[in-house]
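Only one structure is covered here, and it is reproduced in the block below.
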Amino acid sequence: MDLLQLRKKIDEIDDELIPLISKRMEISGQVAEYKNERGLPVLNEEREQQILDSVAEKCGDNGETIKTVFSSMMDASRALQHKIIGGGKEFKDMINTALSQGGILSQKDCRVACQGVEGAYSGVTAGKIFPDAKIRFFKQFEDVFEAINIGNADFGVIPVENSTSGSVHESYDLIIKYRFYVVGAYDLKIEHCLCAKPDTKYEDITDVYSHPQALSQCNNFLKNFDFTGINHTNTAAAAKYVSESGRNDIAVICSELAAKNYGLKVLKRNIQNNNNNTTRFIVISKNLVIDENAEKISLIFSVSHKTGALYRILGRFSMTGLNLTKLESRPIENSDFQYYFYVDVLGSVRDEKTLDLICALSDELPDFEFLGNFYEWRSENSLSK
């Protein structure tokens, strides 16, 4: 039997399967109506596991493979049942309220918290998003969250990811801890400079101070010149430290703006490994704000410690036509290798299917948090969008 004949047989089997699966979905809809009338939850994990175990037993060597097929059918059935029952009223009311209040660009006379000192990249980003805001700097990332928490700031701007050195894990840990809303994002092109006091000679430099992320983004340059990278809390704070130091054998990796602010001279520009070096900053707030053109959704959730649990959740996004752009796992404190998952997906809560999915996951998952739906600006894009 040749390939064409084999494919024809598969097509024939598919034609038999389609009406059966359609019938199963139809009955699943009737189950939803029954559950709705009696106030029963959509998810019945014990019932699903019994079915999957039975499938595995009946299918022998192909049991695990066919269990995956049945798992997908169950996920589709639950999605249908959630849609019929129409849960999540409280969540939908919250979304509608946020949509009616305007985006972050409409916020006037706001107070913005950033980590570092004047000249820090987070401050530069905050100035681009909130040109009329009062920007206040704090020493640590958590200080930014606390400023929002106690009402000393309306928004915070923090880095979460760099195109060269990856995720800023401290930021994600704090996002998970505080569960503030993500109401905006900005991708800032980062151009690092090697800077020093005016009387410092290039050949005398031994140590270079900067934030660990900046040192990582410029590690090729540091190796070529045999400089020792020294960690500091922030690039601009490092520039301030170098300018106030009595030493003439140290330098800093920072922005040209920071160098200017602290009276340093630029010895070499664009020393980063990647010429397209970009850092993603997010805007956090205690209040949910959703821009009209919001394009990205952030979520946090945990899953049961079972084989395929995460796979099945991620499949739900694919089933809804949503593209995941970020998946970050962070350990749950005081747990036995349990994790929170932070995800970014392209989508809008204005889309009914997307909103239904978020409501369904909120009902089903043991720990689920909607962090926001926001627009992500890029250095080359106008903020008037």
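Every chain in the structure tokens has a letter given in the order shown (A, B, ...), and although residue numbers restart at 1 in each chain, ligands are simply numbered from 1 in the order shown.
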
Within 10 Å of A:Glu328 using only C-alpha atoms, minus same-chain residues under 3 positions, as a list in words
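Once the nearby chain positions are removed, what remains is Ser167, His169, Tyr172, Ile300, Tyr339, Tyr340, Phe341, Tyr342, Val343 and Asp344 of chain A.
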
The selected residues should be written to file as a PDB file, in the first residue's frame (atoms: N, CA, C and O atoms).
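That gives us selection-v9.pdb:
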```
ATOM      1  N   SER A 167      15.885  37.629  31.604  1.00  0.00           N
ATOM      2  CA  SER A 167      14.936  38.122  32.595  1.00  0.00           C
ATOM      3  C   SER A 167      15.624  38.725  33.808  1.00  0.00           C
ATOM      4  O   SER A 167      16.707  38.282  34.217  1.00  0.00           O
ATOM      5  N   HIS A 169      15.108  38.498  37.284  1.00  0.00           N
ATOM      6  CA  HIS A 169      14.341  37.604  38.155  1.00  0.00           C
ATOM      7  C   HIS A 169      13.793  38.312  39.388  1.00  0.00           C
ATOM      8  O   HIS A 169      12.694  37.989  39.863  1.00  0.00           O
ATOM      9  N   TYR A 172      10.427  39.813  38.592  1.00  0.00           N
ATOM     10  CA  TYR A 172       9.336  38.840  38.508  1.00  0.00           C
ATOM     11  C   TYR A 172       8.936  38.328  39.892  1.00  0.00           C
ATOM     12  O   TYR A 172       7.749  38.116  40.173  1.00  0.00           O
ATOM     13  N   ILE A 300      -0.571  35.320  36.105  1.00  0.00           N
ATOM     14  CA  ILE A 300       0.199  34.454  36.992  1.00  0.00           C
ATOM     15  C   ILE A 300      -0.709  33.297  37.397  1.00  0.00           C
ATOM     16  O   ILE A 300      -1.886  33.498  37.698  1.00  0.00           O
ATOM     17  N   TYR A 339       5.902  25.720  41.508  1.00  0.00           N
ATOM     18  CA  TYR A 339       6.256  26.941  40.801  1.00  0.00           C
ATOM     19  C   TYR A 339       5.028  27.780  40.440  1.00  0.00           C
ATOM     20  O   TYR A 339       3.954  27.250  40.170  1.00  0.00           O
ATOM     21  N   TYR A 340       5.260  29.090  40.437  1.00  0.00           N
ATOM     22  CA  TYR A 340       4.331  30.009  39.805  1.00  0.00           C
ATOM     23  C   TYR A 340       4.774  30.174  38.357  1.00  0.00           C
ATOM     24  O   TYR A 340       5.977  30.163  38.053  1.00  0.00           O
ATOM     25  N   PHE A 341       3.818  30.360  37.492  1.00  0.00           N
ATOM     26  CA  PHE A 341       4.131  30.637  36.086  1.00  0.00           C
ATOM     27  C   PHE A 341       3.600  32.014  35.725  1.00  0.00           C
ATOM     28  O   PHE A 341       2.442  32.335  35.981  1.00  0.00           O
ATOM     29  N   TYR A 342       4.495  32.820  35.169  1.00  0.00           N
ATOM     30  CA  TYR A 342       4.146  34.159  34.674  1.00  0.00           C
ATOM     31  C   TYR A 342       4.109  34.057  33.157  1.00  0.00           C
ATOM     32  O   TYR A 342       5.081  33.616  32.536  1.00  0.00           O
ATOM     33  N   VAL A 343       2.991  34.449  32.549  1.00  0.00           N
ATOM     34  CA  VAL A 343       2.896  34.394  31.091  1.00  0.00           C
ATOM     35  C   VAL A 343       2.435  35.731  30.525  1.00  0.00           C
ATOM     36  O   VAL A 343       1.643  36.443  31.140  1.00  0.00           O
ATOM     37  N   ASP A 344       2.968  36.046  29.365  1.00  0.00           N
ATOM     38  CA  ASP A 344       2.473  37.148  28.537  1.00  0.00           C
ATOM     39  C   ASP A 344       1.881  36.537  27.278  1.00  0.00           C
ATOM     40  O   ASP A 344       2.502  35.667  26.651  1.00  0.00           O
TER      41      ASP A 344
END
```

Residues of stretch 231-305 of chain A at most 8 Å from stretch 99-118 of chain A: nearest atom pair and distance in Å, only C-alpha atoms, as CSV:
```
residue,atom,partner,partner_atom,distance
A:Thr233,CA,A:Gly116,CA,7.2
A:Asn234,CA,A:Gly116,CA,5.4
A:Thr235,CA,A:Gly116,CA,7.7
A:Ala236,CA,A:Val117,CA,5.9
A:Ala237,CA,A:Val117,CA,5.6
A:Ala258,CA,A:Glu118,CA,7.3
A:Asn261,CA,A:Glu118,CA,7.7
A:Val289,CA,A:Gly103,CA,5.7
A:Ile290,CA,A:Gly103,CA,5.2
A:Asp291,CA,A:Gly103,CA,3.9
A:Glu292,CA,A:Gly103,CA,6.6
```

10 Å contact set for stretch 19-24 of chain A, only C-alpha atoms, chain neighbours under 4 positions out, as a PyMOL selection string
chain A and resi 14-15+28-30+73-74+77

Proximity of stretch 246-296 of chain A to stretch 188-197 of chain A: per-residue shortest pair, 8 Å limit, only C-alpha atoms, as CSV:
```
residue,atom,partner,partner_atom,distance
A:Asn248,CA,A:Lys197,CA,7.3
A:Ile250,CA,A:Ala196,CA,6.9
A:Ala251,CA,A:Ala196,CA,4.6
A:Val252,CA,A:Cys195,CA,5.3
A:Ile253,CA,A:Leu194,CA,4.8
A:Cys254,CA,A:His192,CA,5.4
A:Ser255,CA,A:His192,CA,5.4
A:Glu256,CA,A:Cys193,CA,6.4
A:Ala259,CA,A:Cys195,CA,6.5
A:Gly263,CA,A:Lys197,CA,7.2
A:Leu264,CA,A:Lys197,CA,4.8
A:Lys265,CA,A:Cys195,CA,5.5
A:Val266,CA,A:Cys195,CA,4.5
A:Leu267,CA,A:Cys195,CA,5.4
A:Lys268,CA,A:Leu194,CA,5.2
A:Arg269,CA,A:Cys193,CA,4.4
A:Asn270,CA,A:Glu191,CA,5.2
A:Ile271,CA,A:His192,CA,5.8
A:Gln272,CA,A:His192,CA,5.9
A:Asn275,CA,A:Glu191,CA,7.9
A:Asn276,CA,A:Lys189,CA,7.0
A:Asn277,CA,A:Ile190,CA,5.5
A:Thr278,CA,A:Lys189,CA,4.3
A:Thr279,CA,A:Leu188,CA,5.4
A:Arg280,CA,A:Leu188,CA,6.3
A:Phe281,CA,A:Leu188,CA,7.5
```

Would you mind exporting the chosen residues as a tab-separated table (two decimals), in the first residue's frame, restricted to C-alpha atoms?
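Done, and the output landed in result-v7.tsv:
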```tsv
chain	number	residue	atom	x	y	z
A	248	ASN	CA	41.40	57.53	39.20
A	250	ILE	CA	37.87	53.10	37.94
A	251	ALA	CA	35.14	53.60	35.37
A	252	VAL	CA	31.44	52.94	34.97
A	253	ILE	CA	29.10	51.47	32.36
A	254	CYS	CA	26.13	53.79	32.11
A	255	SER	CA	24.11	55.95	29.75
A	256	GLU	CA	25.49	59.12	28.18
A	259	ALA	CA	27.62	60.54	32.52
A	263	GLY	CA	30.32	65.19	35.25
A	264	LEU	CA	31.94	62.13	33.69
A	265	LYS	CA	33.57	61.91	30.28
A	266	VAL	CA	32.56	59.26	27.74
A	267	LEU	CA	35.56	57.11	26.84
A	268	LYS	CA	33.74	54.73	24.48
A	269	ARG	CA	30.16	54.51	23.21
A	270	ASN	CA	28.03	51.48	22.31
A	271	ILE	CA	30.09	48.89	24.17
A	272	GLN	CA	27.20	46.41	24.55
A	275	ASN	CA	23.79	46.54	18.84
A	276	ASN	CA	20.07	45.86	19.13
A	277	ASN	CA	20.32	45.70	22.94
A	278	THR	CA	16.84	46.45	24.33
A	279	THR	CA	15.37	46.40	27.83
A	280	ARG	CA	11.68	45.91	28.45
A	281	PHE	CA	10.24	48.03	31.26
```

Pick from A:Lys296, A:Lys128, A:Arg7, A:Lys240: nearest to A:Leu371, with only C-alpha atoms counted?
A:Lys296

Quick one: of A:Val349, A:Val160, A:Leu322, A:Ile297, who's nearest to A:Ala98, counting only C-alpha atoms?
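Result for the nearest residue to A:Ala98: A:Val349.
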
Residue among A:Asp11, A:Ser71, A:Lys223, A:Ile284 lying closest to A:Ile158, counting only C-alpha atoms:
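Ranked by minimum distance to A:Ile158, first place goes to A:Ile284.
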
Nearest to A:Ile95 by atom-to-atom distance, counting only C-alpha atoms, from A:Asn287, A:Thr320, A:Gln50, A:Gln338
A:Asn287

One residue among A:Ser72, A:Ser285, A:Asn273, A:Asn231 is nearest to A:His211 when using only C-alpha atoms, and that residue is A:Asn231

Could you please determine the separation between atom CA of A:Asp207 and atom CA of A:Asp249 in Å, to one decimal place?
7.0 Å

Among stretch 195-299 of chain A, which ones does DSSP place in strand (DSSP E), written as a PyMOL selection string?
chain A and resi 195-196+207-210+228-231+250-254+265-269+278-285+296-299

Got time to write the residues from that selection, C-alpha atoms, as a short mmCIF file (atom, residue, chain, number, x, y, z; two decimals), in the first residue's frame?
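Everything below was put into result-v6.cif:
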```
data_model
loop_
_atom_site.label_atom_id
_atom_site.label_comp_id
_atom_site.auth_asym_id
_atom_site.auth_seq_id
_atom_site.Cartn_x
_atom_site.Cartn_y
_atom_site.Cartn_z
CA CYS A 195 32.65 56.60 31.35
CA ALA A 196 35.12 57.95 33.90
CA ASP A 207 37.63 48.15 37.79
CA VAL A 208 34.36 48.99 36.05
CA TYR A 209 31.21 49.53 38.13
CA SER A 210 27.63 48.98 36.97
CA THR A 228 37.03 43.66 36.34
CA GLY A 229 33.29 44.22 36.55
CA ILE A 230 32.04 45.33 39.99
CA ASN A 231 28.32 45.02 40.80
CA ILE A 250 37.87 53.10 37.94
CA ALA A 251 35.14 53.60 35.37
CA VAL A 252 31.44 52.94 34.97
CA ILE A 253 29.10 51.47 32.36
CA CYS A 254 26.13 53.79 32.11
CA LYS A 265 33.57 61.91 30.28
CA VAL A 266 32.56 59.26 27.74
CA LEU A 267 35.56 57.11 26.84
CA LYS A 268 33.74 54.73 24.48
CA ARG A 269 30.16 54.51 23.21
CA THR A 278 16.84 46.45 24.33
CA THR A 279 15.37 46.40 27.83
CA ARG A 280 11.68 45.91 28.45
CA PHE A 281 10.24 48.03 31.26
CA ILE A 282 6.76 47.59 32.66
CA VAL A 283 4.49 50.10 34.39
CA ILE A 284 2.89 48.77 37.58
CA SER A 285 -0.05 50.16 39.54
CA LYS A 296 -0.72 42.09 25.60
CA ILE A 297 -2.09 40.27 28.65
CA SER A 298 -0.06 39.23 31.72
CA LEU A 299 -1.14 36.39 34.01
#
```

Nearest-residue call for A:Ser243, choices A:Arg316, A:Lys89, A:Arg38, A:Lys260, using only C-alpha atoms
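Nearest to A:Ser243: A:Lys260.
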
Running DSSP on the backbone, which parts of stretch 122-225 of chain A land in helix (DSSP H, G or I), as JSON, numbers by chain?
{"A": [122, 123, 124, 125, 126, 127, 128, 129, 141, 142, 143, 144, 145, 146, 147, 148, 149, 169, 170, 171, 172, 173, 174, 175, 176, 177, 178, 202, 203, 204, 212, 213, 214, 215, 216, 217, 219, 220, 221, 222, 223, 224]}

So how many Å separate atom CA of A:Leu222 and atom CA of A:Glu203, to one decimal?
13.3 Å

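The space between atom CA of A:Asn293 and atom CA of A:Tyr375 spans 6.2 Å.
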
12 Å contact set for A:Ser318, only C-alpha atoms, chain neighbours under 5 positions out, as a PDB file with C-alpha atoms, in the first residue's frame:
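Output contents, as saved in part-v2.pdb:
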```
ATOM      1  CA  SER A  72      -7.599  17.970  24.470  1.00  0.00           C
ATOM      2  CA  ASP A  75     -10.335  20.863  27.586  1.00  0.00           C
ATOM      3  CA  ALA A  76     -12.432  21.885  24.566  1.00  0.00           C
ATOM      4  CA  TYR A 311       0.904  21.399  28.844  1.00  0.00           C
ATOM      5  CA  ARG A 312      -2.886  21.301  29.051  1.00  0.00           C
ATOM      6  CA  ILE A 313      -3.130  24.887  30.318  1.00  0.00           C
ATOM      7  CA  ASN A 323       0.194  33.487  21.034  1.00  0.00           C
ATOM      8  CA  LEU A 324       2.379  33.214  24.154  1.00  0.00           C
ATOM      9  CA  VAL A 345       0.058  36.496  25.673  1.00  0.00           C
ATOM     10  CA  LEU A 346      -0.870  38.643  22.715  1.00  0.00           C
ATOM     11  CA  GLY A 347      -4.530  39.501  23.030  1.00  0.00           C
ATOM     12  CA  LYS A 353     -13.206  34.405  23.490  1.00  0.00           C
ATOM     13  CA  THR A 354     -10.136  35.741  25.278  1.00  0.00           C
ATOM     14  CA  LEU A 357     -10.740  31.891  28.645  1.00  0.00           C
TER      15      LEU A 357
END
```
